[in-house]
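Q: Attaching a single structure in structure tokens format; questions to follow.
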Amino acid sequence: MQGSKATTAPSTRTRAQVVLAAAVLAAACSTAQAYAEPGTGGCRTVEVSTADELSAAVANTCSQEIAVRGVISSPATIHLAPGQELKGKSDDAAITFPAAVDGIQLTTDNTVSKLRIQAAPTQRAIFNDTAVAGLGKVKLANLTTTGQVQLLVKDQVRTGHVIVDGLDIVAADTTQREKPRYVFFGNALESIQGAFQLWNQQPDAESVVKADLRGISVGRPEAPVIGSGVSVFGAAPISVPSADGTPIGDVLHQLSEHPVSGSLRISTLETGALHTDGGSNPLGSAGAQVGSGAVFVGAQAPIETMRVGGAITTRGLNAGGVDLFSDIKSVTFDGPIETFGPTGIAIVNWPHVGTLSANSSVTTHGLGARGLNVYAGHIDTVRMRDITTNGPGSPAIDVFADIDDLGIDGTVQANGAPGPSLVLGSFVILPSDALHVAEGGNVDKANVSGVLRTTAPETAAVLVGPNSRIGTLCAVGGIEATGAGSQPVDNQGTLTLQCPA
């Protein structure tokens with residue numbers, strides 16, 4: 001009998017320990033079954049439909065996949081743990097946040113998908129914790145947000161891979177956020193952050209972040225985001241002219257290939273429609289001039305392929321369509337580009353670009369609002385449709401650097417008189433020519449299927465400045481200058497009018 005009792009007592013204690021362990025596990029996992037992946041018994045998946053359930057799920061490392069059902073009003077920012085995935089389970093899945101509260105904070109290896117995320121426009125709908133060791137692989141897919149999506153590489157974050165596959169930012173206001181800053185010929189220029197902002201701020205070249213960005217749309221035609229649209233930046237504190245006198249286009253090309261500080265490497269940047277309003281404040285910190293853009297590609301953020309699949313509209317002072325400061329092999333605009341406001345240049349190029357194609361019209365309205373402005377660098381091939389500018393000091397095509405092959409399938413028309421235009425950070429009087437090749441500019445060959453035309457007084461349809469060149473120019477529709485005191489061609493450099501046989 002005693003032997004029997006000796007053998008059964010440990011068995012009784014073991015059963016008690018098992019019960020206790022199960023109770024502890026249930027408490028730790030907030031009812032283990034809620035976090036169990038079907039068929040595995042492991043703590044991985046949980047569905048949530050209330051703010052309390054969502055808060056408990058993200059706080060529990062068991063819940064690697066969190067599925068949101070219905071609309072959840074979260075009173076505080078949601079901090080995702082490393083490796084967690086947050087996704088919508090139902091068609092109406094959404095998380096809303098009160099005013100003055102940021103939305104979802106990423107850490108490392110997070111995925112957020114199939115959700116509507118609503119914060120105040122001045123807040124961040126999605127942002128990242130810069131105190132973690134790295135972004136890992138971050139994926140944002142099939143999302144609609146109110147509020148900025150901002151990913152910063154700074155502090156402890158040094159590397160990562162960002163994937164976006166479907167992101168519609170309905171509203172955002174980024175005007176009060178830190179602005180990337182460059183110095184051009186003694187003038188400080190700052191850029192307003194984008195509704196989507198990816199910015200590597202690390203000071204050393206060992207910090208590299210890869211990105212594949214697809215399906216990003218920003219704003220609405222009658223309700224643009226306030227600030228820039230899509231903005232990608234490396235950390236280069238550009239100041240030109242350089243100490244050794246290297247042309248700015250070559251400086252940017254060298255930084256694209258051999259960065260000197262934190263950089264991005266973007267395989268693809270594809271967007272839908274982009275609607276922005278940069279506002280009317282011309283001054284940033286320490287008197288810097290402030291600009292914005294529907295797409296702003298900063299230095300040390302080279303792109304293999306860029307495509308804007310929808311319309312671009314911009315409003316405001318210095319609110320351009322597209323500003324390019326990093327090399328791009330191929331850039332295509334499928335929709336129309338239209339800007340409203342002083343110095344609202346449709347397309348500005350500074351670096352080396354392979355092929356630039358615009359498959360719809362380019363139209364600007366405002367003082368100094370040029371169509372295509374090749375400030376610096378080199379473009380191998382340009383293919384565009386109709387280009388029209390409406391404002392003083394607004395050439396339709398303004399070339400300061402080099403284009404190998406310029407092809408326009410349409411009409412190029414400038415409707416403004418000479419007027420002040422912002423050139424390299426300073427205002428100068430600029431004529432509104434249809435095709436203006438400024439001093440030092442070079443176009444190997446240019447073919448225009450329509451008319452090269454100006455309509456205002458004291459302009460030229462084609463102006464070739466001193467020490468400038470157009471190798472051959474063919475204007476099939478003719479060259480016209482209808483304003484008083486205007487002339488079809490003003491050649492102060494080298495120009496050959498010749499069409500292919």
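Order determines the names: the first chain of the structure tokens is A, the second B, and so forth; residues in each chain are numbered 1 upward, and ligands are numbered 1 upward as they are shown.
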I want to know what sits within 9 Å of Asp129 (chain A), based on only C-alpha atoms, with residues of the same chain fewer than 3 positions away left out; could you give that as a list of chain:residue names?
A: A:His79, A:Gln105, A:Leu106, A:Thr107, A:Thr108, A:Val132, A:Leu135, A:Leu151, A:Leu152, A:Val157
Q: Restrict the selected residues to N, CA and C atoms and save them as a PDB file, in the first residue's frame.
A:
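Below is the file result.pdb, written as the result:
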```
ATOM      1  N   HIS A  79       2.024  50.403 -31.825  1.00  0.00           N
ATOM      2  CA  HIS A  79       3.440  50.075 -32.017  1.00  0.00           C
ATOM      3  C   HIS A  79       3.556  48.592 -32.374  1.00  0.00           C
ATOM      4  N   GLN A 105       3.175  52.650 -35.852  1.00  0.00           N
ATOM      5  CA  GLN A 105       4.632  52.755 -35.829  1.00  0.00           C
ATOM      6  C   GLN A 105       5.240  51.395 -36.141  1.00  0.00           C
ATOM      7  N   LEU A 106       6.083  51.363 -37.170  1.00  0.00           N
ATOM      8  CA  LEU A 106       6.763  50.145 -37.575  1.00  0.00           C
ATOM      9  C   LEU A 106       8.086  50.014 -36.835  1.00  0.00           C
ATOM     10  N   THR A 107       8.555  48.761 -36.727  1.00  0.00           N
ATOM     11  CA  THR A 107       9.893  48.516 -36.177  1.00  0.00           C
ATOM     12  C   THR A 107      10.725  47.791 -37.228  1.00  0.00           C
ATOM     13  N   THR A 108      10.731  46.460 -37.207  1.00  0.00           N
ATOM     14  CA  THR A 108      11.547  45.670 -38.125  1.00  0.00           C
ATOM     15  C   THR A 108      10.722  44.537 -38.723  1.00  0.00           C
ATOM     16  N   VAL A 132      15.375  51.213 -33.441  1.00  0.00           N
ATOM     17  CA  VAL A 132      15.652  49.799 -33.677  1.00  0.00           C
ATOM     18  C   VAL A 132      16.854  49.666 -34.608  1.00  0.00           C
ATOM     19  N   LEU A 135      15.325  48.500 -40.497  1.00  0.00           N
ATOM     20  CA  LEU A 135      13.957  48.296 -40.958  1.00  0.00           C
ATOM     21  C   LEU A 135      13.687  46.839 -41.301  1.00  0.00           C
ATOM     22  N   LEU A 151       8.944  57.273 -43.672  1.00  0.00           N
ATOM     23  CA  LEU A 151       9.958  56.307 -43.275  1.00  0.00           C
ATOM     24  C   LEU A 151      11.305  57.015 -43.272  1.00  0.00           C
ATOM     25  N   LEU A 152      11.914  57.128 -42.089  1.00  0.00           N
ATOM     26  CA  LEU A 152      13.177  57.829 -41.915  1.00  0.00           C
ATOM     27  C   LEU A 152      14.261  56.848 -41.500  1.00  0.00           C
ATOM     28  N   VAL A 157      18.626  53.172 -37.018  1.00  0.00           N
ATOM     29  CA  VAL A 157      18.254  52.521 -38.273  1.00  0.00           C
ATOM     30  C   VAL A 157      19.273  52.877 -39.348  1.00  0.00           C
TER      31      VAL A 157
END
```
Q: Can you list, as a ChimeraX atom specification, every protein, DNA or RNA residue that comes within 12 Å of Val322 (chain A) when you count only C-alpha atoms, leaving out same-chain residues fewer than 4 positions away?
A: /A:228-232,274-276,291-298,306-308,312-314,318,331-333,337-339,344-350,356,358,362,370-374
Q: Could you turn the residues from that selection into a file that holds C-alpha atoms, as a compact mmCIF listing (two decimals), in the first residue's frame?
A:
```txt
# COMPACT_ATOMS: atom_id res chain seq x y z
CA SER A 228 4.90 67.39 -51.77
CA GLY A 229 3.51 64.14 -53.12
CA VAL A 230 6.09 61.34 -53.36
CA SER A 231 9.52 62.30 -52.01
CA VAL A 232 12.65 60.10 -51.84
CA LEU A 274 -0.61 62.89 -57.81
CA HIS A 275 -2.34 66.09 -56.67
CA THR A 276 -0.43 68.52 -54.42
CA GLY A 291 9.71 74.34 -52.91
CA SER A 292 7.55 71.29 -53.36
CA GLY A 293 6.83 68.76 -56.06
CA ALA A 294 4.38 66.05 -57.00
CA VAL A 295 7.49 63.85 -57.31
CA PHE A 296 10.74 64.92 -55.67
CA VAL A 297 13.73 62.65 -56.23
CA GLY A 298 16.54 64.00 -54.05
CA MET A 306 10.17 55.49 -62.78
CA ARG A 307 6.61 55.76 -64.09
CA VAL A 308 3.76 58.11 -63.21
CA ILE A 312 -0.11 65.32 -62.03
CA THR A 313 -1.52 68.64 -60.78
CA THR A 314 0.30 71.04 -58.48
CA ASN A 318 7.51 76.98 -56.25
CA VAL A 331 11.19 57.90 -66.56
CA THR A 332 7.71 57.92 -68.10
CA PHE A 333 4.65 60.10 -67.52
CA ILE A 337 1.05 67.32 -66.10
CA GLU A 338 -0.42 70.70 -65.11
CA THR A 339 0.94 73.26 -62.64
CA GLY A 344 5.58 75.84 -60.99
CA ILE A 345 7.96 74.15 -63.44
CA ALA A 346 6.45 70.95 -64.82
CA ILE A 347 9.64 68.87 -65.17
CA VAL A 348 13.05 69.88 -63.82
CA ASN A 349 16.13 67.78 -64.53
CA TRP A 350 19.53 68.07 -62.82
CA LEU A 356 12.35 60.75 -70.47
CA ALA A 358 5.69 62.19 -71.51
CA VAL A 362 2.31 69.41 -70.25
CA ARG A 370 8.44 76.46 -67.48
CA GLY A 371 7.47 73.21 -69.16
CA LEU A 372 10.63 71.12 -69.49
CA ASN A 373 13.64 72.65 -67.75
CA VAL A 374 16.96 70.85 -68.24
```
Q: In region 44-186 of chain A, what's helix (DSSP H, G or I) per DSSP? Answer as a list in words?
A: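 Filtering region 44-186 of chain A to helix (DSSP H, G or I) leaves Ala51, Asp52, Glu53, Leu54, Ser55, Ala56, Ala57, Val58 and Ala59 of chain A.
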Q: List as a list in words the protein and nucleic acid residues near Pro342 (chain A), meaning an atom at most 7 Å away when only C-alpha atoms are counted, but skip any in the same chain fewer than 4 places from it.
A: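 Listing them by chain and then by number gives Leu317, Asn318, Gly366, Leu367, Gly368 and Ala369 of chain A.
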Q: For the selection you just gave me, I'd like the residues written to a file as a PDB file, in the first residue's frame, keeping N, CA and C atoms.
A:
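part.pdb was written with the following content:
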```pdb
ATOM      1  N   LEU A 317       3.228  78.300 -54.635  1.00  0.00           N
ATOM      2  CA  LEU A 317       4.478  78.952 -54.985  1.00  0.00           C
ATOM      3  C   LEU A 317       5.609  77.933 -55.017  1.00  0.00           C
ATOM      4  N   ASN A 318       6.403  77.937 -56.082  1.00  0.00           N
ATOM      5  CA  ASN A 318       7.508  76.984 -56.248  1.00  0.00           C
ATOM      6  C   ASN A 318       7.025  75.537 -56.168  1.00  0.00           C
ATOM      7  N   GLY A 366       1.539  80.419 -64.727  1.00  0.00           N
ATOM      8  CA  GLY A 366       2.167  81.190 -63.672  1.00  0.00           C
ATOM      9  C   GLY A 366       3.486  81.800 -64.086  1.00  0.00           C
ATOM     10  N   LEU A 367       3.904  82.781 -63.326  1.00  0.00           N
ATOM     11  CA  LEU A 367       5.170  83.461 -63.541  1.00  0.00           C
ATOM     12  C   LEU A 367       6.328  82.470 -63.437  1.00  0.00           C
ATOM     13  N   GLY A 368       7.186  82.430 -64.456  1.00  0.00           N
ATOM     14  CA  GLY A 368       8.365  81.575 -64.398  1.00  0.00           C
ATOM     15  C   GLY A 368       8.068  80.093 -64.376  1.00  0.00           C
ATOM     16  N   ALA A 369       6.894  79.699 -64.839  1.00  0.00           N
ATOM     17  CA  ALA A 369       6.490  78.290 -64.791  1.00  0.00           C
ATOM     18  C   ALA A 369       6.799  77.632 -66.129  1.00  0.00           C
TER      19      ALA A 369
END
```
Q: Between region 267-374 of chain A and region 243-255 of chain A, at 7 Å or less, what are the per-residue closest atom pairs and their distances in Å? Count only C-alpha atoms, order by chain and rising residue number, and return it as a Markdown table.
A:
```
| residue | atom | partner | partner_atom | distance |
| --- | --- | --- | --- | --- |
| A:Ala299 | CA | A:Leu252 | CA | 6.5 |
| A:Gln300 | CA | A:Leu255 | CA | 5.6 |
| A:Phe325 | CA | A:Leu252 | CA | 6.6 |
| A:Ser326 | CA | A:Leu252 | CA | 6.2 |
| A:Asp327 | CA | A:His253 | CA | 6.2 |
| A:Trp350 | CA | A:Gly249 | CA | 5.6 |
| A:Pro351 | CA | A:Gly249 | CA | 4.8 |
| A:His352 | CA | A:His253 | CA | 6.1 |
```
Q: Could you pull the residues within 10 Å of Gly103 (chain A), counting only C-alpha atoms, minus those fewer than 4 positions along the same chain, as a ChimeraX atom specification?
A: /A:74-79,95-98,117-120,123-127,145-149
